[in-house]
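To start, the structure itself, in structure tokens.
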Amino acid sequence: MRSQIDLWMTRLSYLYIVLPFLLFAFLWLNLFSALIFGGTVLVSLILSWKRIDPWMLVRLKRGRTFWVIVMVIFIVFFSGIGSYTYQNEDFPYRNAMFNDLMSYPWPVMYHVEGFEGHFLNGKDTLMTYYLGYYLPAALVGKIFGPAAGHFALFLWAVLGVLITLYLIAKYLQKFSLAVVFMFFAWGTLFFIGALIKYPIEKFGTEGNYLWAGMRLYANSNLGSIYWIFNQSLTAWPIMLLILNKIPLKNSIFIYSFCLFLSPFCFVGFLPFFLYYLLLHYRQGRDLQEFVKSCFSFQNVLGALAVVALTYFYLQSNKAGQKFHYIPFSSLKVFVAFMALSWGIVALILFPKFRNEPLYWISVAILIPLPFFQQGNGMDFPGRVSMPAFLVMLLLAMRLVLEEKRSLTRKAMVAYFVVAGVAHFIFETGISMWKTGVANLSYRTNLHEVLMQSENPEYRAFGEELKEMRNKQVLIRDPFKTITHPSNPVIWNYMADTEGSFFYENLAKKREP
């Protein structure tokens, strides 16, 4: 059944994925390169739109859709995206980069000073990072000012979540509040490990998500929105479009953008994408026909343009060029992490999905990942595992929606409830609390009342409110720019222009 809603939502999903690359190609590259790379991808986008086969079979009721939009706005509002509410510890770097994208000419260049002994000190550098997510909002900020840019970043995040929820509903052929709740509830049982590791009085004040160490962590969906939105909100739509079996002649083209927008997810989704291609091949079992069915302008030239430009751009950044194997010293911690992050879910899913290849691909990816690391950070396993966790979420949703009275369904519902409550408290709840307390300090004289109380706890809270007064404790923007001397990880966001193929041959030239 042809659906106009599905046609326009799928077109919007394509545009959400492709627009950042088009902005990068047309506004960061020299004229010749922009016409080659940007022109090829623009033509590919138009051709891919014509290939869309809309088939959404679920009615989107207006009342339900309205409340879903309200819920998404609420969740994203307290993520800190847009700089309206409490921001977590990753935001100093994200804010600095976003500030530079709004204030510097494109391509963003620096002359690094004040970093004595650093290999980039005294060098001319180019911002080199998977920055595609920020470009549409940064362009709005360039034209209309920083306030408009921050609001655009907030709206871009809301749109990304709504597209993701729509594509999940399409995959499940079910659009309900239960599906939305399960999406936001999805995550690990990290708090059990944290309760075992930390004394109860320190619970909530330590690195709860990192209770098993830096390498052993996995994001919840709320955590992915609150901490790594630039990767999750771009990768989720790409992966869901492919899982929804988009036309084969568009598939390689759409998948290629994952390398530009979220490189770790590009790696993590590769086994699933190969399985998707295998399914198409097995339908005809004729290699020549299969290659012909894949062949299209967008799959060949469009995907090649995206992959080539992304490679030329990112390969000059030295931060991500180390790849190594790291063994574990504690088998007990490793097994406990595996059980609490996905092992329990895998056991619940096993009776229904033991013959489902997507299930086994997910397990095969998740077991070895923590033993490997790329770059100087420790986030490789957590980021590369995102596609496998998305697939497990979809299987868990199917179990809840398709089974009626089974024990595994009850277990899966219980898991969603427990994990959802924990992640809501630690992500949205903490943000709501800290945002509320800060605004009490900024906008009221409550501290004066509390400091006169006979209750020592009230007086202490009053002192805390007074201490916050006239200080910005919500919005984390201490650096203002990536090259602030206090930024310890400038190498993560830039590359030396000397010897850079991208800068010397493809980028617009300007003085830093």
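In the structure tokens, each chain is lettered A, B, ... as it comes, each chain's residues begin at 1, and ligands are numbered from 1 in order of appearance.
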
Neighbours of Lys123 in chain A within 6 Å (only C-alpha atoms; same-chain residues fewer than 3 positions away dropped), as number ranges by chain?
A: 111-112, 120

Just write the chosen residues, all heavy atoms, as a PDB file, in the first residue's frame.
```
ATOM      1  N   HIS A 111      45.776  28.701  14.243  1.00  0.00           N
ATOM      2  CA  HIS A 111      47.227  28.702  14.467  1.00  0.00           C
ATOM      3  C   HIS A 111      47.403  28.407  15.940  1.00  0.00           C
ATOM      4  O   HIS A 111      47.051  29.211  16.801  1.00  0.00           O
ATOM      5  CB  HIS A 111      47.860  30.049  14.117  1.00  0.00           C
ATOM      6  CG  HIS A 111      49.348  30.059  14.315  1.00  0.00           C
ATOM      7  ND1 HIS A 111      50.221  29.403  13.470  1.00  0.00           N
ATOM      8  CD2 HIS A 111      50.109  30.626  15.301  1.00  0.00           C
ATOM      9  CE1 HIS A 111      51.457  29.557  13.908  1.00  0.00           C
ATOM     10  NE2 HIS A 111      51.413  30.298  15.005  1.00  0.00           N
ATOM     11  N   VAL A 112      47.923  27.226  16.258  1.00  0.00           N
ATOM     12  CA  VAL A 112      47.949  26.732  17.640  1.00  0.00           C
ATOM     13  C   VAL A 112      49.090  27.377  18.408  1.00  0.00           C
ATOM     14  O   VAL A 112      50.256  27.303  17.995  1.00  0.00           O
ATOM     15  CB  VAL A 112      48.093  25.195  17.664  1.00  0.00           C
ATOM     16  CG1 VAL A 112      48.135  24.691  19.101  1.00  0.00           C
ATOM     17  CG2 VAL A 112      46.953  24.549  16.890  1.00  0.00           C
ATOM     18  N   LEU A 120      51.363  19.830  18.078  1.00  0.00           N
ATOM     19  CA  LEU A 120      50.670  20.779  17.211  1.00  0.00           C
ATOM     20  C   LEU A 120      51.012  22.234  17.532  1.00  0.00           C
ATOM     21  O   LEU A 120      50.587  23.137  16.809  1.00  0.00           O
ATOM     22  CB  LEU A 120      49.145  20.589  17.322  1.00  0.00           C
ATOM     23  CG  LEU A 120      48.572  19.307  16.727  1.00  0.00           C
ATOM     24  CD1 LEU A 120      47.079  19.212  17.009  1.00  0.00           C
ATOM     25  CD2 LEU A 120      48.832  19.225  15.222  1.00  0.00           C
TER      26      LEU A 120
END
```

What's around Phe151 in chain A at 10 Å? Count only C-alpha atoms, leave out sequence neighbours fewer than 2 positions away in its own chain, and write the answer as a PyMOL selection string.
chain A and resi 81-84+137+140-141+146-149+153-157

Using backbone DSSP assignments, extract all helix (DSSP H, G or I) residues from range 166-304 of chain A; output them as a PyMOL selection string.
chain A and resi 166-172+177-185+190-197+200-202+208-210+221-227+229-243+248-261+263-284+287-294+297-304

Can you write out as a tab-separated table which residues of range 107-185 of chain A fall within 8 Å of range 390-405 of chain A, alongside each residue's closest atom pair and its distance in Å to one decimal, counting only C-alpha atoms and ordering rows by chain and ascending residue number?
```
residue	atom	partner	partner_atom	distance
A:Ile168	CA	A:Leu394	CA	7.7
A:Leu172	CA	A:Arg398	CA	6.9
A:Val179	CA	A:Met397	CA	7.2
A:Met182	CA	A:Met397	CA	7.2
A:Phe183	CA	A:Leu393	CA	7.7
```

Residues just named, written with all heavy atoms as a PDB file, in the first residue's frame:
```
ATOM      1  N   ILE A 168      11.514   3.235  13.545  1.00  0.00           N
ATOM      2  CA  ILE A 168      11.298   2.065  14.407  1.00  0.00           C
ATOM      3  C   ILE A 168       9.854   1.583  14.281  1.00  0.00           C
ATOM      4  O   ILE A 168       9.588   0.378  14.182  1.00  0.00           O
ATOM      5  CB  ILE A 168      11.640   2.409  15.871  1.00  0.00           C
ATOM      6  CG1 ILE A 168      13.160   2.535  16.040  1.00  0.00           C
ATOM      7  CG2 ILE A 168      11.105   1.337  16.821  1.00  0.00           C
ATOM      8  CD1 ILE A 168      13.593   2.979  17.426  1.00  0.00           C
ATOM      9  N   LEU A 172       8.575  -2.108  13.027  1.00  0.00           N
ATOM     10  CA  LEU A 172       7.712  -2.952  13.851  1.00  0.00           C
ATOM     11  C   LEU A 172       6.289  -3.039  13.317  1.00  0.00           C
ATOM     12  O   LEU A 172       5.512  -3.883  13.762  1.00  0.00           O
ATOM     13  CB  LEU A 172       7.669  -2.414  15.281  1.00  0.00           C
ATOM     14  CG  LEU A 172       8.999  -2.369  16.049  1.00  0.00           C
ATOM     15  CD1 LEU A 172       8.826  -1.596  17.347  1.00  0.00           C
ATOM     16  CD2 LEU A 172       9.509  -3.779  16.330  1.00  0.00           C
ATOM     17  N   VAL A 179       5.850   1.633  22.285  1.00  0.00           N
ATOM     18  CA  VAL A 179       7.078   1.605  21.484  1.00  0.00           C
ATOM     19  C   VAL A 179       7.989   2.771  21.879  1.00  0.00           C
ATOM     20  O   VAL A 179       9.207   2.604  22.034  1.00  0.00           O
ATOM     21  CB  VAL A 179       6.735   1.670  19.982  1.00  0.00           C
ATOM     22  CG1 VAL A 179       7.991   1.909  19.147  1.00  0.00           C
ATOM     23  CG2 VAL A 179       6.041   0.391  19.545  1.00  0.00           C
ATOM     24  N   MET A 182       9.512   2.108  25.311  1.00  0.00           N
ATOM     25  CA  MET A 182      10.578   1.099  25.237  1.00  0.00           C
ATOM     26  C   MET A 182      11.849   1.690  24.643  1.00  0.00           C
ATOM     27  O   MET A 182      12.959   1.346  25.075  1.00  0.00           O
ATOM     28  CB  MET A 182      10.103  -0.118  24.427  1.00  0.00           C
ATOM     29  CG  MET A 182       9.159  -1.031  25.177  1.00  0.00           C
ATOM     30  SD  MET A 182       8.833  -2.604  24.312  1.00  0.00           S
ATOM     31  CE  MET A 182       7.712  -2.064  23.006  1.00  0.00           C
ATOM     32  N   PHE A 183      11.693   2.553  23.651  1.00  0.00           N
ATOM     33  CA  PHE A 183      12.881   3.186  23.058  1.00  0.00           C
ATOM     34  C   PHE A 183      13.649   3.986  24.104  1.00  0.00           C
ATOM     35  O   PHE A 183      14.880   3.849  24.236  1.00  0.00           O
ATOM     36  CB  PHE A 183      12.471   4.094  21.905  1.00  0.00           C
ATOM     37  CG  PHE A 183      13.613   4.915  21.356  1.00  0.00           C
ATOM     38  CD1 PHE A 183      14.546   4.341  20.515  1.00  0.00           C
ATOM     39  CD2 PHE A 183      13.765   6.245  21.702  1.00  0.00           C
ATOM     40  CE1 PHE A 183      15.614   5.082  20.017  1.00  0.00           C
ATOM     41  CE2 PHE A 183      14.822   7.001  21.212  1.00  0.00           C
ATOM     42  CZ  PHE A 183      15.747   6.419  20.371  1.00  0.00           C
TER      43      PHE A 183
END
```

Of the candidates A:Trp491, A:Tyr166, A:Phe78, A:Phe380, which shows the shortest atom-to-atom distance to Leu60 in chain A, using only C-alpha atoms?
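Going through A:Trp491, A:Tyr166, A:Phe78, A:Phe380 one by one, the smallest distance to Leu60 in chain A is for A:Tyr166.
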
d(CA of Val335 in chain A, CA of Phe372 in chain A) in Å:
16.3 Å

Env of Phe389 in chain A: 9 Å cut, atoms = only C-alpha atoms, seq-sep filter 6 positions within chain, self excluded. Answer as a list in words.
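After dropping sequence-adjacent residues, the list is Gly187, Ala218, Asn219, Ser220, Trp342, Ser362 and Leu366 of chain A.
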
For CA of Lys197 in chain A and CA of Glu427 in chain A, determine how far apart the two atoms are, in Å to one decimal place.
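Separation of CA of Lys197 in chain A and CA of Glu427 in chain A: 20.2 Å.
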
Please report as JSON lines every residue of range 323-377 of chain A lying within 10 Å of range 269-293 of chain A, along with the nearest atom pair and their distance in Å (one decimal), using only C-alpha atoms.
```
{"residue": "A:Pro357", "atom": "CA", "partner": "A:Tyr275", "partner_atom": "CA", "distance": 8.5}
{"residue": "A:Leu358", "atom": "CA", "partner": "A:Phe272", "partner_atom": "CA", "distance": 7.2}
{"residue": "A:Ile361", "atom": "CA", "partner": "A:Pro271", "partner_atom": "CA", "distance": 7.2}
{"residue": "A:Ser362", "atom": "CA", "partner": "A:Phe272", "partner_atom": "CA", "distance": 8.5}
{"residue": "A:Ala364", "atom": "CA", "partner": "A:Pro271", "partner_atom": "CA", "distance": 9.8}
{"residue": "A:Ile365", "atom": "CA", "partner": "A:Pro271", "partner_atom": "CA", "distance": 8.5}
```

As a PyMOL selection string, please: the residues near Tyr313 in chain A (cut-off 10 Å, only C-alpha atoms, same-chain neighbours under 6 positions excluded).
chain A and resi 126-130+260+307+495+500-503+506-507

With N, CA and C atoms retained, write the just-selected residues as an mmCIF file, in the first residue's frame.
```
data_model
loop_
_atom_site.group_PDB
_atom_site.id
_atom_site.type_symbol
_atom_site.label_atom_id
_atom_site.label_comp_id
_atom_site.auth_asym_id
_atom_site.auth_seq_id
_atom_site.Cartn_x
_atom_site.Cartn_y
_atom_site.Cartn_z
ATOM 1 N N LEU A 126 43.690 22.428 10.821
ATOM 2 C CA LEU A 126 42.343 22.446 10.284
ATOM 3 C C LEU A 126 41.453 21.614 11.198
ATOM 4 N N MET A 127 40.258 22.130 11.547
ATOM 5 C CA MET A 127 39.321 21.319 12.337
ATOM 6 C C MET A 127 39.043 20.031 11.578
ATOM 7 N N THR A 128 39.336 18.905 12.221
ATOM 8 C CA THR A 128 39.208 17.604 11.571
ATOM 9 C C THR A 128 38.531 16.646 12.537
ATOM 10 N N TYR A 129 37.262 16.407 12.314
ATOM 11 C CA TYR A 129 36.448 15.632 13.252
ATOM 12 C C TYR A 129 35.185 15.204 12.507
ATOM 13 N N TYR A 130 34.484 14.196 13.019
ATOM 14 C CA TYR A 130 33.196 13.846 12.403
ATOM 15 C C TYR A 130 32.154 14.838 12.915
ATOM 16 N N PHE A 260 30.925 9.258 7.295
ATOM 17 C CA PHE A 260 31.107 10.695 7.471
ATOM 18 C C PHE A 260 30.528 11.187 8.793
ATOM 19 N N VAL A 307 32.659 8.355 0.543
ATOM 20 C CA VAL A 307 33.736 7.598 1.190
ATOM 21 C C VAL A 307 35.092 8.241 0.907
ATOM 22 N N ALA A 495 43.875 18.722 12.727
ATOM 23 C CA ALA A 495 45.005 18.063 12.076
ATOM 24 C C ALA A 495 45.922 19.111 11.474
ATOM 25 N N SER A 500 48.841 17.574 4.438
ATOM 26 C CA SER A 500 47.457 17.094 4.378
ATOM 27 C C SER A 500 46.952 17.135 2.939
ATOM 28 N N PHE A 501 46.627 15.980 2.382
ATOM 29 C CA PHE A 501 46.097 15.925 1.018
ATOM 30 C C PHE A 501 44.794 16.707 0.931
ATOM 31 N N PHE A 502 43.950 16.585 1.964
ATOM 32 C CA PHE A 502 42.668 17.285 1.947
ATOM 33 C C PHE A 502 42.876 18.789 1.875
ATOM 34 N N TYR A 503 43.735 19.316 2.744
ATOM 35 C CA TYR A 503 43.924 20.767 2.775
ATOM 36 C C TYR A 503 44.613 21.262 1.501
ATOM 37 N N LEU A 506 41.942 19.884 -1.766
ATOM 38 C CA LEU A 506 40.477 19.897 -1.815
ATOM 39 C C LEU A 506 39.850 21.089 -1.092
ATOM 40 N N ALA A 507 40.454 21.533 -0.001
ATOM 41 C CA ALA A 507 39.838 22.555 0.836
ATOM 42 C C ALA A 507 40.006 23.951 0.266
#
```

Between A:Met468, A:Pro105, A:Gln298, A:Leu233, single out the one closest to Tyr16 in chain A, counting only C-alpha atoms.
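Among the listed residues, the smallest separation from Tyr16 in chain A belongs to A:Leu233.
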
Within 10 Å of Pro20 in chain A, counting only C-alpha atoms, which residues show up once you throw out same-chain ones fewer than 4 positions away? Write them as a list in words, please.
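The contact residues come out as Leu15, Tyr16, Phe24, Ala25, Leu131, Gly132, Tyr133, Tyr134, Leu135, Pro136, Ala137, Thr234, Phe257, Phe260 and Leu261 of chain A.
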
Given the choices A:Val72, A:Ile348, A:Leu42, A:Val417, which gets closest to Leu222 in chain A if the distance is worked out from only C-alpha atoms?
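Closest residue, counting only C-alpha atoms: A:Val72.
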
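You will find CA of Tyr198 in chain A at 16.4 Å from CA of Leu216 in chain A.
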
Tell me which protein, DNA and RNA residues are within 6 Å of range 477-484 of chain A, counting only C-alpha atoms, leaving out same-chain ones fewer than 2 positions away, and put them as a list in words.
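That gives Pro92, Asn95, Ala96, Met97, Asp100, Ser486 and Asn487 of chain A.
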
Those same residues, written as an mmCIF file, in the first residue's frame with all heavy atoms?
```
data_model
loop_
_atom_site.group_PDB
_atom_site.id
_atom_site.type_symbol
_atom_site.label_atom_id
_atom_site.label_comp_id
_atom_site.auth_asym_id
_atom_site.auth_seq_id
_atom_site.Cartn_x
_atom_site.Cartn_y
_atom_site.Cartn_z
ATOM 1 N N PRO A 92 31.798 20.696 27.437
ATOM 2 C CA PRO A 92 32.825 21.713 27.197
ATOM 3 C C PRO A 92 33.478 21.598 25.823
ATOM 4 O O PRO A 92 33.733 22.611 25.157
ATOM 5 C CB PRO A 92 33.836 21.468 28.326
ATOM 6 C CG PRO A 92 33.013 20.922 29.438
ATOM 7 C CD PRO A 92 31.971 20.064 28.757
ATOM 8 N N ASN A 95 30.648 22.242 23.014
ATOM 9 C CA ASN A 95 30.332 23.670 22.928
ATOM 10 C C ASN A 95 31.457 24.459 22.272
ATOM 11 O O ASN A 95 31.215 25.370 21.479
ATOM 12 C CB ASN A 95 30.048 24.230 24.325
ATOM 13 C CG ASN A 95 28.687 23.805 24.850
ATOM 14 O OD1 ASN A 95 27.782 23.492 24.084
ATOM 15 N ND2 ASN A 95 28.529 23.788 26.163
ATOM 16 N N ALA A 96 32.697 24.116 22.619
ATOM 17 C CA ALA A 96 33.845 24.817 22.024
ATOM 18 C C ALA A 96 33.877 24.615 20.510
ATOM 19 O O ALA A 96 34.101 25.564 19.745
ATOM 20 C CB ALA A 96 35.142 24.328 22.656
ATOM 21 N N MET A 97 33.651 23.381 20.073
ATOM 22 C CA MET A 97 33.663 23.102 18.641
ATOM 23 C C MET A 97 32.499 23.808 17.942
ATOM 24 O O MET A 97 32.668 24.399 16.868
ATOM 25 C CB MET A 97 33.586 21.595 18.398
ATOM 26 C CG MET A 97 33.678 21.210 16.926
ATOM 27 S SD MET A 97 33.829 19.435 16.663
ATOM 28 C CE MET A 97 32.207 18.910 17.187
ATOM 29 N N ASP A 100 33.196 27.476 17.520
ATOM 30 C CA ASP A 100 34.137 27.738 16.421
ATOM 31 C C ASP A 100 33.460 27.590 15.069
ATOM 32 O O ASP A 100 33.740 28.346 14.133
ATOM 33 C CB ASP A 100 35.338 26.794 16.520
ATOM 34 C CG ASP A 100 36.241 27.125 17.702
ATOM 35 O OD1 ASP A 100 36.043 28.193 18.312
ATOM 36 O OD2 ASP A 100 37.136 26.319 18.012
ATOM 37 N N SER A 486 43.569 25.545 28.127
ATOM 38 C CA SER A 486 43.172 24.556 29.130
ATOM 39 C C SER A 486 42.569 23.298 28.518
ATOM 40 O O SER A 486 42.291 22.336 29.237
ATOM 41 C CB SER A 486 42.153 25.169 30.101
ATOM 42 O OG SER A 486 42.711 26.267 30.784
ATOM 43 N N ASN A 487 42.354 23.289 27.208
ATOM 44 C CA ASN A 487 41.765 22.119 26.557
ATOM 45 C C ASN A 487 42.824 21.020 26.444
ATOM 46 O O ASN A 487 43.808 21.174 25.715
ATOM 47 C CB ASN A 487 41.245 22.495 25.170
ATOM 48 C CG ASN A 487 40.582 21.322 24.461
ATOM 49 O OD1 ASN A 487 40.478 20.223 24.993
ATOM 50 N ND2 ASN A 487 40.130 21.564 23.244
#
```

Residue with smallest distance to Ser33 in chain A - pool A:Leu309, A:Cys294, A:Ile344, A:Val418, counting only C-alpha atoms:
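Closest to Ser33 in chain A of all the choices is A:Leu309.
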